[in-house]
Amino acid sequence: MILVLEQILNGLQYGVMLFLLAAGLTLIFGIMGVINLAHGSLYMVGAYAGTWVAAETGSFWLGLPAALAAAAVTGLAIEAAVVRRLYARDHLDQVLATFALILTFNQLIVIGFGRQPVFTMLPEAFAGSIELIPGLHYPPYRLLIIAAGLLVAVGLYFLINRTRIGMLVRAGSTNREMVRALGVDIRLLYTVVFGLGALLAGLAGYMAGPILAVQVGMGEQILLATFVVVVIGGVGSIRGAFVAGIVLGIVDTCLRAFLPGLLRQVMAGPEADALGIGISSMGIYLLMALVLLIRPKGLFAAGS
Amino acid sequence: QDPLKIGMITTLSGPAGYLGQDIRDGMLLAIEMEGGKLGGVPVELVVEDDGLKPGNGRQIAEKFMNDDGMKLLTGIVFSNVAGATVPDIVDNGAIYISPNAGPSNLAGSECHPNYFVVSWQNDALHEAAGAAAKQLGFKNAFVLAPNYQAGKDAITGFKRTFGGEIAGEIYTQLDQTDFASEMAQIRAANPEVVFQFHPGGLGIAFLKQYAQAGLIGQIPMVLSEPSTDAVVLGAVGEAAIGIHATAHWNRDFDNAANAEFVKAWDEKYGRPITYYGSQGYDTARLIASALAKTGGLDDIDAFREAVRAADFESVRGDFKFGPNQHPVHDWYLLDIVAGPDGKPMAVTKEKLLDDYGDAYADQCKM
Amino acid sequence: MSAILAIEDLVKCFGGLVATDRVSLEVREGEIHALIGPNGAGKSTLINQLCGELAPDSGTIRLAGRDVTRVPTPARVALGLGRTFQITSLLDDMSVRENVGMAVQVRLGHNFRIFDAVRDRRAVWQEADRLIADSALAPRAGVRVADLSHGEKKQLELVVALAMKPRLLLLDEPMAGLGHVESLAMIEMLRRTRESAAMLLVEHDMDAVFALADRISVLVYGKIIATGTVDEIRDDPAVREAYLGAEDELC
Amino acid sequence: MRVLGFAVLVAALAALPFVTDALGQAAWLALATRILIYGIAAASLNFILGYGGMVSFGHAAFFGIGGYVVGILFTHHASGEPLFGVIPGTDQMLVTLPVAILVAGLFAAAIGALSLRTGGVQFIMITLAFAQMLFFLFVSLKAYGGEDGIIIRRTNALPGLNMRDKATLYWVVLTIAVLFFLGLRRLINSSFGAVISGIRQNERRMAALGIPAYRYKLAAFVLSGMGAGLAGALMANFLRFASPDMMHWTKSGELMIMVILGGVGTLFGPFLGAGVFLMLETFLASWSEHWPLALGLILLVVVLGTRGGIEALIRRLSALGRGGGQ
Amino acid sequence: MLSVANLQAAYGESRVLFDVHLEIADGEVVTLMGRNGMGKTTTVRCIMGLLAPQGGSIRFEGRDVAGLTPERIARLGAGLVPEGRQVFPTLRVRENLVATAANRLGRADPWTLERVYGLFPRLKERAGQMAGTLSGGEQQMLAIGRALMTNPRLLILDEATEGLAPVIRREIWHCIEHLKAAGQSILLIDKNLAVLKRLADRHYIVEKGRTVWTGSGADMDRDAERVHGYVGL
Ligand SMILES: Nc1ncnc2c1ncn2[C@@H]1O[C@H](COP(=O)(O)OP(=O)(O)OP(=O)(O)O)[C@@H](O)[C@H]1O
Ligand SMILES: Nc1ncnc2c1ncn2[C@@H]1O[C@H](COP(=O)(O)OP(=O)(O)OP(=O)(O)O)[C@@H](O)[C@H]1O
Ligand SMILES: [Mg+2]
Ligand SMILES: [Mg+2]
């Protein structure tokens, strides 16, 4: 029982983590309509910048603003120099341009920080593990991630669905010209939103640092899963990304944890293992294929 | 006289770039220590990045051999690049000496007189870990590896020499970065020891999360070499302290060749040495030993014989080639302890396997 | 006269909104049947159900005697259904000529041929050129559709529909966006077409409706409130109130 | 004029082995072979992506299938054991290529049938998902080398030709590529091609004209998958190696990059894109270890500067040249 | 307030406008007429800054606005109801209205949600619906309401009554009458010539990208033959 509880908590945490990564992407990809493959690069920039400052100052918490600032500034620079010219273009041009950005950023990091993964520190207060209820040990840092994810979710939901900024960004994604003709400086708005998306990517990168490896190319590893979350949730829906992240996190975790065991009850051990492993390792893709076959636009498609 | 060109195809980009970089730097170091020569022959190491793409590796090999007339190639880090590249090299009559990748197909039925491996055969890495767990007296183990061939081979290799009971066996996803679920399962199974094989960044993530789950002091872990190179230890930090590691080389090996190597590396690069660096260095020293005998590559047959003799002082101590021209060498048990600065470092504890070859030598008919 | 289109008790709801509420209607062979009604009455929704883009919740649609209620659009087209879109929907990257040609090509068949050359299908292009020559778009044949003005696109919508040689044409506001002269030309064109096709005409331009229609049905909030001849409808007080408005100088 | 240009291009390509031989740059021949093969794969992808508007992010799956068909048939040929106990292995190119095309087509039919129920971004992701599943499948196929791949000891044989000779192999690939592009041109200009292009522009309109889009899209998807399978089979013959790497999502991405770089929805664009991409990769990598930086910046300049890829750039430049000449 | 002189414009290679003139004084209602494809919408696009003119001048409120961005021009007080509605399909009706709402010129009795709903009760009923699923006429109402909510100095209506039922159309004419009475300047493009003649102070007719006729409604009657040639009245 404790194990089930713990696994669900794990799934929740993993899901929130995925959401944290997907949040910025939804904003840029889902709402602004820009396929930004370089989102992973912003995530990497945040992780490296924050980690570096944390190492220099010896404080996890000083690394945080550095990560946010570095990612946001990089995001603003990318927007001004590259992405701004691509809003009106085909998605495919965006794919090529942001792919080029990935190559560029990865190599810049190599030049700046070397090829070796770097050491990240954990905030003192959140190191180790605590006993939540008797028998249930849990790393408090993961609780911190859950909290951060929930905070971001609420904030973004409010921003996009309840404020004029959100409305204008959504309006702009379908008809930029018209928004401008009604007197709104959409370019400024988009720059700001892009910066915000970048900042969230930086936050995710820095938060992920102590759990994962901070290394060149870390962004691309996570990019696919992030896109999966965005698409399952329904492109353009913050709520969808949140729900999809959590569902994916829990399903994935529980599949891995319990499927082979369950299968072993109905078939021979090795076969059950092989099948269980097979299914769970294709887990997120299977889930996505299933969701899309039943709901071709994802769980919370915009406009329905 | 123009220097002899040696072609190096290696992986420098992407997350695994540091592997190729260290191999290259190890080789360059050996060349520099001899004043731009190997075995008295002036050499030039021509390095190109394969980007971890088999097709690119093949392309580079083609250029090295046909356009630049190179007859000696080396450097490939990954097995799949080797698979696409090595057969073509050896068919062309050139010699390939691997400083890292040692896939089983090339060790067994596809072995070739022109193909040498300096590092190890892939499976041996994990057989050493199994031997270590047995040596340490653990009776039951929980094993984890990614769900792909190398992962399955790792677990098979571990089991082959461990011989104890398996408390649990989990195959993780190939690109999985979050292992919380596995931590919970390990805790629930409460084994005597954990063996896991996750290359590169995944291994770093696994170790960090193992520590954060509070398992590091509770359940010991035995690891094979790729999971505990100096870069991984540096990235994981304190969380790695207390782990049992296995290796065919470690910084503290007490032999003259190694002392010289370590000193030179520290002076030149100042960053931690990985065993990839030592393999690069050994490869260069092996080439040097052969060149010293033949004076060049004009007589390929003589050169091949000279390489096969492995007449050099390896930084890992004993070294000779088995029948499939893969190494026969010793494996050691290491402890990860806190260094003087509090950061983890690997200390050699004892020899595990003596003159150990690999399981594929029988299948090789040369 | 037999009915080419017979609708019975058609219902379509969007959430709580009943967009078509038990609509029954008949379009006879060779007839122009106009459907008028206030904005949001459900006219386009009805058209979309007739052509198969929306599935009705209940009721039946019979086309040329066959029940097509659950049949996909292309199959209905095969039975002789053609339509125009209220908000133009054309092949934007192709020229006017290619748009018309595509309609002819699809009608003539052989669309799975992968090794012929469309450009050499003489029958297709002869017919397309003839259709364009008969329309106001003759001087614009080579222009990309994306470069057409709004009104020109509306004209093209009709030419494309005619190229399909339909037996029943569903027209969703064909006059909207046309200038005065062009409207007159289109009325003329529709008059000529009635020889070959029956029409269900949705239109807010009353001049056009009164000039063309044989019969008129009035749809208000999803319900048909009246069906009759032009004169009957023009004088129906309920229709005046719901749709035409008081006769005053401003119109 | 166009025919003449094409003939000149083919003649120049046919003469390439002599040129590289004379210059002592044999590796260029290998590069040219790879460009031709990737050109076929990219042009196949472009058929659905550029002409049909279906952005498949899983096309490497079919490329990989093509490669594995050659690899698996060769393995069974070498070991003498029939596949599934019934299908004998073979090393005859006249057999392996058609089989590779067929099998890739079957996979494309299955994947397409499911994927085409969605559209837009969802289609991108679902094709990716299926390709990834195949990737994982092949990674865990121990019998065929798993992650390490299959080594194909010898290039497939063609009666009367010495396929070990690199120039011969190049000519074979060139011949197939020329036939492929001629066929593709016919396909694009066919009735079917016109319908596909119409569906890209406006599916709703095509439905109103009487076209059941799904069937046509599926047919196009299958044709495109077959083209990729052909390319994969050739690649396996050229590399004498097939591995899951061939169907990884980054390979799908690379094919897409080639298409976009060259020019989406143009006949030769993808071929140009493959050429430029591979040449940049090869020459930059031999120039500096930091080549990805240079490649990234060059791609960036191209995409921001050309609007429509290299093909569009060339067309504009030649128009300019002609204008200036008058 | 608006004066366009010798305006020239092109889409890519193809010239569309050659010589368009247009003057609108404060509080005036002016129409732009012409057959389909003659350049009316293109003129509007140039005025709004959505298309860069190739020559000529556009002065709005005494400033040269040729080359300014659309948002700058809109902020100077131009409000557009575009041809073909162009509502924001993924926004709700209410959001469409408030997203770009503003009262930059500090109107004393600005247009508010309530006033727009008062004008088009249908919109109030559908307030929570995605604009993309509105009926054609409802979308048209929404586009007008959206432009009004920016409280413009000059309201530009490009075929704003297209697809509206006669009752509604009449209401809009009444509304324009009211606006005119309240001193609102309006540029009208529409095909209901009879109404336009009554409503507007002045008319311009464009033919193949040139202003070919200018005058009042009375002039129109006087010059009936020529006008008929241009617009078929
Ligand atoms: N997908 C949908 N979801 C919710 N409501 C819808 C949807 N589609 C249409 N409606 C509503 O159904 C009603 C009927 O719409 P329809 O487009 O059929 O009207 P119409 O009679 O064609 O009007 P118009 O003359 O203005 O074009 C409208 O109130 C519209 O808002
Ligand atoms: N985006 C475009 N690209 C190229 N040409 C265009 C474009 N839009 C319009 N045109 C052309 O410019 C000319 C003028 O078009 P415009 O839209 O200004 O006409 P209009 O007078 O508004 O006509 P309508 O009454 O049909 O709306 C037309 O010939 C049209 O084909
Ligand atoms: Mg309608
Ligand atoms: Mg217009």
# chains A, B, ... in the order shown; residues from 1 in each chain; ligands from 1

$ interface_residues --of "chain B" --to "chain D" --cutoff "6 Å" --atoms "only C-alpha atoms" --output "PyMOL selection string"
chain B and resi 48+62-63+66-67+79-80+84+148-149

$ closest_atom_pairs --of "chain B" --to "chain A" --cutoff "7 Å" --atoms "only C-alpha atoms" --output "tab-separated table"
residue	atom	partner	partner_atom	distance
B:Gly14	CA	A:Gly217	CA	5.6
B:Pro15	CA	A:Val216	CA	5.0
B:Gly17	CA	A:Arg115	CA	5.8
B:Tyr18	CA	A:Arg115	CA	4.9
B:Tyr171	CA	A:Ile277	CA	6.5
B:Gln173	CA	A:Ser281	CA	4.9
B:Thr177	CA	A:Leu212	CA	6.7
B:Ala180	CA	A:Asn10	CA	5.9
B:Ser181	CA	A:Thr253	CA	5.9
B:Ala184	CA	A:Leu3	CA	6.9
B:Gly201	CA	A:Ala213	CA	5.1
B:Ile204	CA	A:Ala213	CA	5.7
B:Ala205	CA	A:Leu212	CA	4.2
B:Lys208	CA	A:Ile211	CA	6.0
B:Gln209	CA	A:Ile211	CA	6.0
B:Ala211	CA	A:Gly128	CA	6.9
B:Gln212	CA	A:Gly128	CA	4.7
B:Ala213	CA	A:Pro139	CA	5.6
B:Gly214	CA	A:Ser129	CA	5.5
B:Val231	CA	A:Gln116	CA	6.3
B:Gly234	CA	A:Phe119	CA	6.2
B:Ala235	CA	A:Phe119	CA	3.9
B:Val236	CA	A:Phe119	CA	6.1
B:Gly237	CA	A:Phe119	CA	6.6

$ write_last_selection --atoms "C-alpha atoms" --output "CSV table (one decimal), in the first residue's frame"
chain,number,residue,atom,x,y,z
B,14,GLY,CA,26.6,15.8,-28.2
B,15,PRO,CA,26.4,14.7,-24.6
B,17,GLY,CA,31.5,14.4,-26.6
B,18,TYR,CA,33.7,14.2,-23.6
B,171,TYR,CA,14.9,-2.7,-17.5
B,173,GLN,CA,13.5,3.1,-20.7
B,177,THR,CA,15.7,10.4,-16.8
B,180,ALA,CA,11.9,7.6,-8.6
B,181,SER,CA,9.8,4.6,-9.4
B,184,ALA,CA,10.8,2.8,-4.6
B,201,GLY,CA,24.0,11.4,-18.1
B,204,ILE,CA,24.6,10.6,-13.2
B,205,ALA,CA,20.9,11.1,-12.8
B,208,LYS,CA,21.9,11.6,-7.7
B,209,GLN,CA,18.4,10.2,-7.3
B,211,ALA,CA,21.3,9.5,-2.9
B,212,GLN,CA,18.2,11.8,-2.7
B,213,ALA,CA,16.0,8.8,-2.0
B,214,GLY,CA,18.2,8.1,1.0
B,231,VAL,CA,33.6,12.9,-15.0
B,234,GLY,CA,32.7,14.9,-10.5
B,235,ALA,CA,29.1,15.6,-11.6
B,236,VAL,CA,27.5,13.4,-9.0
B,237,GLY,CA,29.6,14.8,-6.1

$ select_by_dssp --residues "segment 1-240 of chain C" --states "strand (DSSP E)" --output "ChimeraX atom specification"
/C:3-14,17-28,32-36,58-63,66-67,81-83,168-172,198-202,215-220,223-228

$ residues_around --residues "segment 92-103 of chain E" --least-positions-apart "5" --cutoff "10 Å" --atoms "only C-alpha atoms" --output "number ranges by chain"
A: 161-171, 179-184, 303; E: 75, 77, 87, 108-113, 116-117, 123-134, 138-139, 142-152

$ residues_near_ligand --ligand "ligand 1" --cutoff "7 Å" --atoms "only C-alpha atoms and all ligand atoms" --output "list in words"
Phe14, Gly15, Leu17, Ala19, Gly37, Pro38, Asn39, Gly40, Ala41, Gly42, Lys43, Ser44, Thr45 and Leu46 of chain C; Arg126, Gln129, Thr133, Leu134, Ser135, Gly136, Gly137, Glu138, Gly163, Leu164 and Ala165 of chain E

$ residues_around --residues "Leu128 of chain D" --least-positions-apart "4" --cutoff "9 Å" --atoms "only C-alpha atoms" --output "PyMOL selection string"
(chain A and resi 285) or (chain D and resi 56-59+61+123-124+132-133+249+252)

$ select_by_dssp --residues "segment 2-85 of chain E" --states "helix (DSSP H, G or I)" --output "ChimeraX atom specification"
/E:40-48,70-75
